Every structure is written in C-alpha cells, then in structure tokens.
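Student: Following this line is target24.cif, made up of mmCIF, C-alpha atoms:
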```cif
data_protein
loop_
_atom_site.label_atom_id
_atom_site.label_comp_id
_atom_site.auth_asym_id
_atom_site.auth_seq_id
_atom_site.Cartn_x
_atom_site.Cartn_y
_atom_site.Cartn_z
CA MET A 1 -84.50 -207.36 -145.69
CA TYR A 2 -85.83 -209.89 -143.18
CA GLU A 3 -87.03 -207.35 -140.59
CA LYS A 4 -90.63 -207.30 -141.81
CA TYR A 5 -90.69 -211.10 -142.14
CA PHE A 6 -89.87 -211.49 -138.43
CA SER A 7 -91.86 -208.38 -137.35
CA LEU A 8 -88.73 -206.53 -136.24
CA THR A 9 -88.09 -202.78 -136.22
CA THR A 10 -84.44 -203.08 -137.28
CA ARG A 11 -81.74 -205.64 -138.03
CA PRO A 12 -80.70 -206.99 -134.62
CA PHE A 13 -77.31 -208.35 -135.65
CA ASP A 14 -75.94 -205.58 -137.84
CA LEU A 15 -72.20 -205.14 -137.35
CA THR A 16 -72.47 -201.34 -137.34
CA PRO A 17 -71.87 -200.08 -133.77
CA ASP A 18 -75.14 -199.00 -132.16
CA PRO A 19 -75.31 -198.03 -128.46
CA ARG A 20 -78.84 -199.47 -128.23
CA PHE A 21 -77.44 -202.98 -128.69
CA MET A 22 -74.62 -202.68 -126.14
CA PHE A 23 -74.72 -205.92 -124.12
CA MET A 24 -72.52 -206.02 -121.05
CA THR A 25 -71.56 -209.35 -119.52
CA PRO A 26 -70.21 -209.27 -115.94
CA GLN A 27 -66.61 -209.32 -117.21
CA HIS A 28 -67.31 -206.46 -119.65
CA ALA A 29 -68.94 -204.44 -116.88
CA ARG A 30 -65.93 -205.11 -114.62
CA ALA A 31 -63.57 -203.94 -117.36
CA VAL A 32 -65.51 -200.70 -117.85
CA ALA A 33 -65.62 -200.02 -114.10
CA SER A 34 -61.93 -200.86 -113.70
CA ILE A 35 -60.86 -198.53 -116.52
CA ARG A 36 -62.94 -195.70 -115.10
CA PHE A 37 -61.39 -196.24 -111.68
CA ALA A 38 -57.89 -196.35 -113.16
CA LEU A 39 -58.44 -193.07 -115.00
CA MET A 40 -59.88 -191.41 -111.89
CA ASN A 41 -56.70 -192.43 -110.06
CA ARG A 42 -54.46 -191.25 -112.91
CA ASP A 43 -52.90 -194.67 -113.46
CA SER A 44 -50.15 -194.73 -116.07
CA PHE A 45 -51.21 -197.82 -118.02
CA VAL A 46 -54.34 -199.90 -118.57
CA ILE A 47 -54.05 -203.05 -120.69
CA ILE A 48 -57.09 -204.91 -122.08
CA THR A 49 -56.64 -207.94 -124.33
CA GLY A 50 -58.92 -210.48 -126.00
CA GLU A 51 -59.71 -212.27 -129.23
CA ILE A 52 -60.84 -210.37 -132.34
CA GLY A 53 -64.49 -209.35 -131.96
CA ILE A 54 -64.65 -210.03 -128.20
CA GLY A 55 -65.89 -206.53 -127.35
CA LYS A 56 -62.79 -204.43 -126.62
CA THR A 57 -64.07 -201.52 -128.73
CA THR A 58 -67.46 -201.74 -127.03
CA ILE A 59 -65.75 -201.31 -123.67
CA LEU A 60 -63.73 -198.34 -124.88
CA ASN A 61 -66.83 -196.65 -126.30
CA ALA A 62 -68.65 -197.13 -123.00
CA VAL A 63 -65.76 -195.54 -121.11
CA LEU A 64 -65.37 -192.63 -123.53
CA GLU A 65 -69.06 -191.75 -123.36
CA ASP A 66 -68.84 -191.08 -119.63
CA LEU A 67 -65.44 -189.39 -119.34
CA GLY A 68 -66.78 -185.86 -119.30
CA PRO A 69 -65.07 -182.51 -120.01
CA ASP A 70 -62.20 -183.07 -117.56
CA TYR A 71 -60.52 -185.51 -119.93
CA VAL A 72 -58.79 -184.94 -123.26
CA THR A 73 -58.51 -188.09 -125.38
CA ALA A 74 -56.62 -189.28 -128.42
CA LYS A 75 -57.32 -192.64 -130.02
CA LEU A 76 -54.93 -194.43 -132.35
CA THR A 77 -56.32 -197.31 -134.40
CA HIS A 78 -53.59 -197.60 -137.04
CA THR A 79 -50.65 -199.04 -135.15
CA THR A 80 -48.11 -200.36 -137.67
CA LEU A 81 -46.01 -197.34 -136.78
CA SER A 82 -42.40 -196.56 -136.00
CA ARG A 83 -41.49 -194.50 -132.95
CA ILE A 84 -41.41 -191.24 -134.92
CA GLU A 85 -44.68 -192.05 -136.71
CA LEU A 86 -46.30 -192.84 -133.35
CA LEU A 87 -45.43 -189.39 -132.00
CA GLN A 88 -46.61 -187.75 -135.22
CA ALA A 89 -49.90 -189.64 -135.09
CA LEU A 90 -50.50 -188.54 -131.49
CA LEU A 91 -49.97 -184.89 -132.38
CA SER A 92 -52.42 -185.26 -135.26
CA GLU A 93 -55.04 -186.73 -132.90
CA PHE A 94 -54.57 -183.70 -130.64
CA ASP A 95 -55.17 -181.43 -133.68
CA MET A 96 -51.52 -180.39 -133.81
CA PRO A 97 -50.20 -182.10 -136.96
CA ASN A 98 -46.44 -182.02 -137.10
CA TYR A 99 -44.59 -184.21 -139.57
CA THR A 100 -41.04 -183.32 -138.71
CA LYS A 101 -38.75 -186.28 -138.13
CA LYS A 102 -36.93 -184.53 -135.30
CA LYS A 103 -37.85 -186.62 -132.29
CA VAL A 104 -36.83 -184.02 -129.71
CA LEU A 105 -39.15 -181.44 -131.27
CA LEU A 106 -42.06 -183.91 -131.36
CA LEU A 107 -41.53 -184.85 -127.71
CA ASP A 108 -41.26 -181.23 -126.60
CA THR A 109 -44.51 -180.39 -128.39
CA LEU A 110 -46.35 -183.27 -126.73
CA ARG A 111 -44.90 -182.50 -123.30
CA ASP A 112 -45.92 -178.84 -123.55
CA TYR A 113 -49.43 -179.87 -124.60
CA PHE A 114 -49.80 -182.34 -121.71
CA LEU A 115 -48.66 -179.72 -119.18
CA GLU A 116 -50.97 -177.10 -120.67
CA GLN A 117 -53.98 -179.43 -120.32
CA HIS A 118 -52.98 -180.23 -116.75
CA GLU A 119 -52.84 -176.54 -115.85
CA GLN A 120 -56.40 -176.24 -117.19
CA GLY A 121 -57.50 -179.05 -114.85
CA LYS A 122 -57.74 -181.70 -117.56
CA HIS A 123 -56.25 -185.18 -117.73
CA VAL A 124 -54.87 -186.57 -121.00
CA VAL A 125 -55.90 -190.09 -122.04
CA VAL A 126 -54.14 -191.83 -124.93
CA ILE A 127 -55.98 -194.89 -126.29
CA VAL A 128 -54.07 -197.26 -128.55
CA ASP A 129 -56.26 -199.90 -130.21
CA GLU A 130 -54.73 -202.95 -131.94
CA ALA A 131 -51.63 -202.35 -129.84
CA GLN A 132 -50.29 -205.82 -130.61
CA ASN A 133 -48.98 -204.35 -133.88
CA LEU A 134 -46.59 -202.00 -132.07
CA ASP A 135 -43.00 -203.07 -131.66
CA GLU A 136 -41.12 -202.97 -128.37
CA ALA A 137 -39.47 -199.67 -129.26
CA ALA A 138 -42.85 -197.96 -129.82
CA LEU A 139 -44.21 -199.35 -126.55
CA GLU A 140 -41.14 -198.07 -124.73
CA GLU A 141 -41.81 -194.65 -126.27
CA LEU A 142 -45.32 -194.74 -124.80
CA ARG A 143 -43.92 -195.69 -121.40
CA LEU A 144 -41.62 -192.70 -121.46
CA LEU A 145 -44.56 -190.46 -122.37
CA SER A 146 -46.43 -191.79 -119.34
CA CYS A 147 -43.55 -190.64 -117.14
CA ILE A 148 -44.35 -186.99 -117.80
CA ASP A 149 -45.72 -185.61 -114.55
CA ASN A 150 -46.22 -182.42 -112.62
CA ARG A 151 -44.39 -183.05 -109.36
CA ASP A 152 -47.15 -184.79 -107.38
CA ARG A 153 -49.30 -186.55 -109.98
CA ARG A 154 -49.34 -188.14 -113.42
CA ILE A 155 -50.86 -186.05 -116.16
CA VAL A 156 -51.33 -188.71 -118.86
CA SER A 157 -52.86 -192.22 -118.83
CA ILE A 158 -52.39 -194.71 -121.64
CA ILE A 159 -54.92 -197.46 -122.48
CA LEU A 160 -53.62 -200.34 -124.60
CA THR A 161 -56.10 -202.74 -126.17
CA GLY A 162 -55.24 -205.58 -128.49
CA GLN A 163 -55.45 -209.23 -129.36
CA CYS A 164 -53.94 -211.92 -127.17
CA GLY A 165 -50.55 -211.43 -128.85
CA LEU A 166 -50.29 -208.15 -126.93
CA ASP A 167 -49.93 -210.17 -123.71
CA GLU A 168 -46.90 -211.96 -125.10
CA LEU A 169 -45.42 -208.65 -126.27
CA ILE A 170 -45.95 -206.97 -122.89
CA ASP A 171 -44.36 -209.97 -121.13
CA ALA A 172 -41.07 -209.47 -122.99
CA PRO A 173 -38.14 -209.02 -120.56
CA SER A 174 -37.28 -205.63 -122.10
CA LEU A 175 -40.71 -204.22 -121.15
CA ARG A 176 -40.47 -204.97 -117.45
CA GLN A 177 -40.72 -201.28 -116.56
CA LEU A 178 -43.95 -200.92 -118.55
CA ARG A 179 -45.47 -203.97 -116.82
CA GLN A 180 -44.71 -202.45 -113.44
CA ARG A 181 -46.68 -199.33 -114.38
CA ALA A 182 -49.78 -201.31 -115.46
CA ARG A 183 -51.90 -201.72 -112.34
CA LEU A 184 -54.91 -202.85 -114.41
CA ARG A 185 -54.42 -205.69 -116.87
CA GLN A 186 -57.41 -207.77 -117.95
CA ARG A 187 -58.05 -210.37 -120.62
CA LEU A 188 -61.60 -210.65 -121.97
CA GLU A 189 -62.80 -214.23 -122.38
CA PRO A 190 -65.41 -215.54 -124.87
CA LEU A 191 -69.06 -215.64 -123.86
CA THR A 192 -70.33 -218.77 -122.16
CA GLU A 193 -73.21 -220.64 -123.77
CA GLN A 194 -75.68 -218.99 -121.38
CA GLU A 195 -74.20 -215.56 -122.10
CA THR A 196 -74.49 -216.27 -125.83
CA ALA A 197 -78.18 -217.06 -125.37
CA ASP A 198 -78.66 -213.90 -123.30
CA TYR A 199 -76.78 -211.87 -125.91
CA ILE A 200 -79.02 -213.12 -128.75
CA GLU A 201 -82.16 -212.54 -126.66
CA TYR A 202 -81.07 -209.00 -125.73
CA ARG A 203 -80.39 -207.89 -129.29
CA LEU A 204 -83.63 -209.39 -130.59
CA LYS A 205 -85.58 -207.73 -127.77
CA VAL A 206 -84.11 -204.32 -128.67
CA ALA A 207 -85.23 -204.95 -132.27
CA GLY A 208 -88.78 -205.81 -131.12
CA GLY A 209 -88.51 -209.58 -131.29
CA SER A 210 -87.95 -212.65 -129.12
CA ALA A 211 -85.29 -215.34 -129.32
CA ALA A 212 -87.78 -217.99 -128.21
CA LYS A 213 -89.91 -217.31 -131.30
CA ILE A 214 -87.10 -217.02 -133.84
CA PHE A 215 -84.28 -219.37 -132.70
CA SER A 216 -84.57 -222.94 -131.46
CA GLN A 217 -82.53 -223.85 -128.38
CA ASP A 218 -80.45 -226.29 -130.43
CA ALA A 219 -79.72 -223.52 -132.92
CA ILE A 220 -78.47 -221.20 -130.18
CA SER A 221 -76.23 -223.95 -128.77
CA GLU A 222 -74.80 -224.57 -132.22
CA ILE A 223 -74.20 -220.85 -132.76
CA HIS A 224 -72.21 -220.74 -129.53
CA ARG A 225 -70.16 -223.78 -130.54
CA LEU A 226 -69.38 -222.53 -134.04
CA CYS A 227 -68.61 -218.96 -132.95
CA PHE A 228 -66.48 -219.81 -129.89
CA GLY A 229 -68.53 -217.28 -127.90
CA ILE A 230 -67.14 -214.33 -129.94
CA PRO A 231 -69.83 -211.59 -130.22
CA ARG A 232 -68.81 -210.43 -133.69
CA LEU A 233 -68.97 -213.96 -135.08
CA ILE A 234 -72.32 -214.48 -133.33
CA ASN A 235 -73.67 -211.37 -135.05
CA THR A 236 -72.45 -212.53 -138.46
CA LEU A 237 -73.83 -216.06 -138.12
CA CYS A 238 -77.19 -214.98 -136.65
CA ASP A 239 -77.69 -212.39 -139.38
CA THR A 240 -76.88 -214.90 -142.12
CA ALA A 241 -79.11 -217.56 -140.51
CA MET A 242 -82.07 -215.18 -140.32
CA MET A 243 -81.56 -214.20 -143.96
CA THR A 244 -81.44 -217.90 -144.92
CA CYS A 245 -84.62 -218.49 -142.93
CA PHE A 246 -86.32 -215.60 -144.76
CA VAL A 247 -85.22 -216.80 -148.21
CA ASP A 248 -86.33 -220.39 -147.49
CA GLU A 249 -89.60 -219.13 -145.94
CA GLU A 250 -88.99 -221.05 -142.71
CA ASP A 251 -90.80 -220.10 -139.50
CA SER A 252 -87.72 -220.12 -137.28
CA VAL A 253 -83.97 -220.63 -137.28
CA THR A 254 -83.25 -224.31 -136.70
CA LEU A 255 -80.05 -226.28 -136.22
CA GLU A 256 -80.02 -227.17 -139.92
CA ILE A 257 -80.36 -223.54 -140.96
CA VAL A 258 -77.49 -222.50 -138.69
CA ASP A 259 -75.21 -225.14 -140.23
CA GLN A 260 -76.32 -224.06 -143.71
CA ALA A 261 -75.57 -220.42 -142.88
CA ALA A 262 -72.16 -221.31 -141.46
CA HIS A 263 -71.14 -223.04 -144.66
CA GLN A 264 -72.50 -220.17 -146.75
CA LEU A 265 -70.08 -217.93 -144.88
CA ARG A 266 -67.26 -220.28 -145.91
CA TRP A 267 -65.54 -219.94 -142.56
CA GLN A 268 -62.18 -221.56 -143.12
CA TRP A 269 -61.98 -223.42 -139.83
CA LEU A 270 -65.34 -225.13 -140.51
CA GLU A 271 -64.27 -226.31 -143.95
CA GLU A 272 -60.96 -227.59 -142.60
CA ARG A 273 -62.72 -229.36 -139.76
CA ASP A 274 -65.23 -231.04 -142.06
CA GLU A 275 -62.51 -232.35 -144.36
CA GLU A 276 -60.33 -233.54 -141.51
CA ASP A 277 -63.23 -235.13 -139.62
CA ALA A 278 -64.30 -237.08 -142.71
CA ALA A 279 -60.76 -238.35 -143.30
CA ARG A 280 -60.35 -239.17 -139.62
CA GLU A 281 -63.59 -241.18 -139.53
CA GLN A 282 -62.51 -243.26 -142.51
CA GLN A 283 -59.06 -243.94 -141.07
CA LEU A 284 -59.98 -244.63 -137.47
CA ALA A 285 -63.36 -246.36 -137.79
CA PRO A 286 -63.68 -246.38 -134.00
CA ALA A 287 -65.44 -249.22 -132.28
CA HIS A 288 -66.66 -246.89 -129.52
CA SER A 289 -69.68 -244.61 -129.77
CA ASP A 290 -69.13 -240.85 -129.51
CA ASP A 291 -70.47 -240.98 -125.96
CA ASP A 292 -67.92 -243.41 -124.55
CA ALA A 293 -64.87 -243.22 -126.85
CA PRO A 294 -61.78 -242.82 -124.65
CA VAL A 295 -58.92 -240.40 -125.19
CA ALA A 296 -55.28 -240.68 -124.17
CA LEU A 297 -53.44 -237.85 -122.46
CA ASP A 298 -49.67 -238.25 -122.26
CA VAL A 299 -48.03 -235.76 -119.90
CA TYR A 300 -44.47 -234.74 -120.81
CA ARG A 301 -41.80 -232.73 -119.08
CA ASP A 302 -38.55 -231.89 -120.84
CA GLY A 303 -39.38 -234.41 -123.57
CA SER A 304 -39.97 -237.34 -121.22
CA VAL A 305 -43.30 -238.97 -120.46
CA ILE A 306 -44.05 -238.69 -116.75
CA GLN A 307 -47.73 -239.73 -116.78
CA GLN A 308 -50.21 -241.44 -119.09
CA ALA A 309 -53.94 -241.09 -118.58
CA ARG A 310 -56.89 -242.55 -120.46
CA THR A 311 -60.49 -241.48 -119.93
CA SER A 312 -63.91 -241.11 -121.55
CA LYS A 313 -65.18 -238.61 -118.96
CA PHE A 314 -66.07 -235.17 -120.34
CA PRO A 315 -65.80 -232.34 -119.71
CA LEU A 316 -62.32 -233.02 -118.33
CA VAL A 317 -61.07 -230.25 -116.04
CA ILE A 318 -57.31 -229.78 -115.63
CA GLY A 319 -55.67 -227.85 -112.81
CA ARG A 320 -53.70 -227.83 -109.59
CA SER A 321 -56.58 -228.46 -107.20
CA ASN A 322 -57.39 -232.03 -106.17
CA ALA A 323 -61.00 -231.39 -107.25
CA ASN A 324 -59.97 -231.50 -110.93
CA ASP A 325 -60.11 -234.53 -113.21
CA LEU A 326 -56.48 -234.30 -114.32
CA VAL A 327 -54.44 -232.87 -111.44
CA ILE A 328 -51.13 -231.21 -112.31
CA ILE A 329 -49.51 -229.80 -109.18
CA ASP A 330 -47.05 -227.26 -110.50
CA LYS A 331 -46.42 -223.62 -109.60
CA ALA A 332 -47.26 -222.46 -113.17
CA VAL A 333 -50.64 -224.24 -113.20
CA SER A 334 -53.75 -222.53 -111.77
CA ARG A 335 -56.24 -224.25 -109.47
CA ARG A 336 -58.70 -224.62 -112.39
CA HIS A 337 -56.56 -224.09 -115.44
CA ALA A 338 -58.38 -225.50 -118.48
CA LEU A 339 -60.94 -228.04 -119.64
CA ILE A 340 -61.27 -230.43 -122.55
CA ASP A 341 -64.81 -231.06 -123.77
CA ARG A 342 -66.39 -233.24 -126.43
CA ILE A 343 -69.26 -231.71 -128.39
CA GLY A 344 -70.85 -233.85 -131.08
CA GLY A 345 -67.65 -235.82 -131.57
CA ILE A 346 -65.53 -232.66 -131.75
CA TYR A 347 -62.94 -232.02 -129.04
CA VAL A 348 -62.29 -228.52 -127.74
CA VAL A 349 -59.80 -227.21 -125.17
CA GLU A 350 -60.66 -223.99 -123.31
CA ASP A 351 -58.66 -221.85 -120.91
CA LEU A 352 -60.52 -221.23 -117.62
CA ASN A 353 -59.16 -217.72 -117.10
CA SER A 354 -55.92 -219.15 -115.75
CA THR A 355 -52.99 -216.99 -114.69
CA ASN A 356 -50.56 -218.22 -117.36
CA GLY A 357 -52.98 -219.34 -120.08
CA ILE A 358 -52.61 -222.30 -122.44
CA LEU A 359 -50.74 -222.95 -125.66
CA VAL A 360 -51.86 -225.38 -128.37
CA ASN A 361 -48.97 -226.44 -130.59
CA ARG A 362 -46.92 -223.56 -129.11
CA LYS A 363 -49.54 -220.93 -130.03
CA ARG A 364 -51.33 -219.06 -127.24
CA CYS A 365 -55.11 -219.28 -127.41
CA SER A 366 -58.14 -219.20 -125.15
CA ARG A 367 -60.11 -221.88 -127.04
CA ALA A 368 -59.20 -224.27 -129.86
CA PHE A 369 -60.31 -227.42 -131.64
CA LEU A 370 -58.15 -230.43 -130.84
CA ARG A 371 -56.80 -232.85 -133.40
CA PRO A 372 -54.89 -236.09 -132.86
CA GLY A 373 -51.35 -235.38 -131.70
CA ASP A 374 -52.00 -231.78 -130.66
CA VAL A 375 -49.79 -230.58 -127.80
CA ILE A 376 -51.42 -228.54 -125.01
CA SER A 377 -48.92 -226.70 -122.81
CA PHE A 378 -49.55 -225.74 -119.18
CA GLY A 379 -46.54 -223.90 -117.82
CA ARG A 380 -43.64 -226.35 -118.03
CA MET A 381 -45.87 -229.32 -118.83
CA ASP A 382 -46.89 -230.61 -122.28
CA VAL A 383 -49.97 -232.82 -122.66
CA VAL A 384 -50.26 -234.75 -125.94
CA PHE A 385 -53.89 -235.36 -126.92
CA GLN A 386 -54.93 -238.55 -128.73
CA PRO A 387 -58.68 -239.24 -129.25
CA ASP A 388 -60.08 -242.73 -129.74
CA ALA A 389 -57.21 -244.19 -127.74
CA SER A 390 -56.18 -247.73 -128.54
CA SER A 391 -56.10 -250.43 -125.91
CA ASP A 392 -52.31 -250.14 -125.54
CA GLY A 393 -52.67 -248.36 -122.20
CA ASP A 394 -54.86 -249.41 -119.32
CA ARG A 395 -57.58 -247.09 -118.03
CA LEU A 396 -56.35 -245.37 -114.90
CA PRO A 397 -58.43 -245.82 -111.75
CA GLU A 398 -60.39 -242.82 -110.54
CA GLY A 399 -59.57 -241.35 -107.15
CA GLU A 400 -61.90 -240.00 -104.50
CA ALA A 401 -62.27 -236.68 -106.34
CA GLY A 402 -62.96 -238.47 -109.62
CA HIS A 403 -59.69 -237.47 -111.23
CA VAL A 404 -57.99 -239.77 -113.71
CA ALA A 405 -54.40 -238.89 -112.89
CA THR A 406 -52.24 -236.77 -110.65
CA VAL A 407 -48.93 -235.25 -111.70
CA VAL A 408 -46.81 -233.56 -109.03
CA ILE A 409 -43.92 -231.34 -110.16
CA ASP A 410 -42.27 -229.01 -107.65
CA GLU A 411 -45.21 -229.44 -105.35
CA VAL A 412 -46.90 -226.27 -104.14
CA PRO A 413 -47.98 -226.28 -100.49
CA GLY A 414 -51.75 -225.89 -100.27
CA ASN A 415 -53.40 -226.83 -103.57
CA ASP A 416 -56.15 -224.26 -103.16
CA SER A 417 -53.71 -221.36 -103.35
CA ASP A 418 -52.64 -219.55 -106.51
CA SER A 419 -49.24 -218.79 -105.01
CA ASP A 420 -46.41 -218.56 -107.50
CA GLU A 421 -43.79 -219.51 -104.94
CA PRO A 422 -41.86 -222.61 -106.02
CA GLY A 423 -42.57 -225.77 -104.09
CA LEU A 424 -40.10 -227.94 -102.23
CA GLY A 425 -41.33 -231.36 -103.30
CA GLU A 426 -39.34 -233.68 -105.48
CA GLN A 427 -40.69 -234.74 -108.85
CA LYS A 428 -43.13 -237.63 -108.52
CA GLN A 429 -46.17 -239.10 -110.20
CA SER A 430 -49.15 -241.07 -109.14
CA ALA A 431 -52.38 -242.39 -110.60
#
```
Since I need it in another form, could you write the structure as structure tokens?

Tutor:
Amino acid sequence: MYEKYFSLTTRPFDLTPDPRFMFMTPQHARAVASIRFALMNRDSFVIITGEIGIGKTTILNAVLEDLGPDYVTAKLTHTTLSRIELLQALLSEFDMPNYTKKKVLLLDTLRDYFLEQHEQGKHVVVIVDEAQNLDEAALEELRLLSCIDNRDRRIVSIILTGQCGLDELIDAPSLRQLRQRARLRQRLEPLTEQETADYIEYRLKVAGGSAAKIFSQDAISEIHRLCFGIPRLINTLCDTAMMTCFVDEEDSVTLEIVDQAAHQLRWQWLEERDEEDAAREQQLAPAHSDDDAPVALDVYRDGSVIQQARTSKFPLVIGRSNANDLVIIDKAVSRRHALIDRIGGIYVVEDLNSTNGILVNRKRCSRAFLRPGDVISFGRMDVVFQPDASSDGDRLPEGEAGHVATVVIDEVPGNDSDSDEPGLGEQKQSA
C-alpha cells in the first residue's frame, strides 16, 4: 500500500508477529530475563500481567525461542475452561488427546508424562495465556499439578499471563497457596512517551525508514496520548495514519492526520470523550485558561472527608514520600504511587508502578481519563476529583517540598520505606 510512497521495504506497523520488529523496553527485557531465570531454577509459578496489547505474547515468544531441547512446552490460549477441560486441553497440547471425563485418569496420564520427561532430563513448562479467564477451581488444579515432583526437585513450571484482572483473581484469599509458590510476579506497564517515540523509530528503521522524516514530534506525542502507551494500539494508529497520509498525498504524518486517523478507527473512548468534553465545556464555561484552571481533590476515609486540596500544578504526584505534591502517609500507599496530569485540557491519572495499584470508580487500572466526580482509590483512601474547582474552597498553601496537602493515616515510620508494617500514629491531617 503505502510502502513505496514512503520508500519502505515493508509495512512497519503490521499487527502480524514478526521477530524483526521485536522492540524490548527495559521492563520487557527484565521480564524475559526473569522468566528464563525462574525456569532455570525450576520455579513452580511465574505470573505476568498487563493491559491488552502491552507485549505479554512478545515476551513469551522471546522466552520460547531460547528454551532449547531440555524443555518441553505446552501453551494454552483458550482459557474459558472447566477443570476437566483444562486437563484435557493440556494432554492435547502434549500430543496425547484424551477426552475422558474421569479426572483421576487424566491426572495419572499427565503425572506419568511429567515423570517420563524428567527421567529423560527434560523440564515441562506449561504456559497459560489469557489466564484471567480461568476460575479459582481451574487455577487450584494448576497449583496441584505444579506440586508433582521427583523427591528433590520440581519437574513442571507454570507460566500464567493475563490482563490486570488476573492480579485480582490471584489475590483471592482461597489462592493463598498459589501466591506463595509464585516467586516471580510482574506487571507490565504502558510505554512512556520517550519509549513510544523509540518504538516508532525502531519499527520504521527496520522497514528502511526514519521517524524524523515521516512523523512530526507533535504527532508522536499525540499517538502516545491517544494510545495510552499500548504497543498494539500504537501499531494500529500509526498504520492508519500513514495510510491516511498516503491517500491525502501528504509529505508526513502531522498532528491533524493522527487525529483524523483516530476518528476513522472509531475508537469508542475517543468518541465518548469528545461528546463529554463538548457538553462539559458548554456547562462549565470556565473563567480560567487550560494552563491555570484549578482542580479540587477531596480525600475521604470511611465516607468522611479528612482533607480538601485545591491546585493548578500539574503533573500532580501522589504518594507517601514528603517529596510528592499530595502526600498520603498510609501503609497501603507507595512512596510514589500515582500522578494526575493535564494534557490539552484532558485529565489523566496514571499508576507509577505502585505496590497496590489504583482503582478509578472501583475498577483497577494503570491509566485512565478522569471526569468530574471520579473516585480514585489508594489503599483505604478515596480521592474525589473535581476539575475547574469553584471558589468555595481556599487554595492550600504549598509546603517546603511543594506539596499541596498532607494526609497522615496510621503513620508509617520513615516515609522513604515501602514497609507494609502498620504505623503507630493516630489519624491526623495537615495542610
């Protein structure tokens, strides 16, 4: 299509997996190295989670390519399975189809196969993709399979990959034994804006082109914002933008072309945002410019307001350390937990790889658009977000570290520590 127009040898953003285009960020490289190490040490469980399109399959492919002949693998990608169906699917992956519904027979067949491979000097690796679709009973079945050993060492390792909902499933009280067997557990985060730029440059370079010649810097920044740093979305938007550029006979992909391509894709969240933003602008008619419009952050605990903050400083970093803008000293809050940013009048909250993550309106996410009245949860604390705050509340004075408010709940000794030990301080608040 547009390859000849841009003097490229191939389509750089095709969604078909191609090892030539494998781009490894530091966190992806760490995940690959960690999985390899875990398999070398015969760990029982490895758990990798992340948003759809974040690169989990890319990591698995990189690991599988280097495993070598000493490993026997089975990969399950269809995971809406019962316990019996799970065992049947595993036997099929090991080229031993058995569709009996007698669980004992299925388990005996798998156990004999695992032991046979071990006697031949091979280690069995079971990979379950989209594991968030499994129920607790199926996960418990996998845990019991991982318990099969040969006196002094484990003979099977299980890799679970899935969307962020898998974290919530694994954290269920009934799966405590599984959690204890998972020495490696990593969540993949979206690409940063710089990583997005590097990703686009890398794929274009492999295809014989250059990002500097094809994409404007504003266009790349917009691609990152619209795609949340998700590689699969970046591929889709870049490919559509380059096709639009080709059809319109434009020299390069500009900000306008990216926005045009995004609306051609009819991404639901963009349409919803446009409609809501237009309605919000008509209703609010703010007197402030986008650069200095304040927001209100009401901090709640157990349904009661314990702190009110008002600021126009962005990005706003929230965490337990005194170096943050909004300081929440609580054992469930990380040193740098999350940030709220304003991009072109749009507000976004993003988790900063915190220990316990964030919830927006009770739904776990790593990054989300914010609307008036949205509730962001950090551990036991709820922060209600209100943009274009009215003058009902006074602006809070900034402290020495530049923060707009400090909330202390069960104070943790030493703010620079990520200790989960409960503090001894009484509830208090200060501005």

Student: So, counting all atoms listed in the file, which residue among A:Ile200, A:Met381, A:Cys147, A:Ile52 is closest to A:Leu178?

Tutor: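 Smallest separation from A:Leu178 among the options: A:Cys147.
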
Student: Considering all atoms listed in the file, return as a PyMOL selection string whatever protein or nucleic-acid residues lie within 8 Å of stretch 245-256 of chain A, sequence-local ones (same chain, fewer than 2 positions apart) excluded.

Tutor: chain A and resi 2+5+213-216+218-219+222+241-243+258-260

Student: Around (-50.9, -198.4, -109.7) in the file's frame, which residues reach within 7 Å when counting all atoms listed in the file? Return as a tab-separated table (two decimals) with C-alpha atoms, keeping the file's coordinate frame?

Tutor:
```tsv
chain	number	residue	atom	x	y	z
A	43	ASP	CA	-52.90	-194.67	-113.46
A	181	ARG	CA	-46.68	-199.33	-114.38
A	182	ALA	CA	-49.78	-201.31	-115.46
A	183	ARG	CA	-51.90	-201.72	-112.34
```

Student: Just the number, please: distance in Å from atom CA of A:Leu105 to atom CA of A:Gln132, one decimal.

Tutor: 26.8 Å

Student: Name the closest residue to A:Arg225 among the candidates A:Ala332, A:Val348, A:Ile376, A:Leu87; distances are taken between atoms, counting only C-alpha atoms.

Tutor: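 Ranked by minimum distance to A:Arg225, first place goes to A:Val348.
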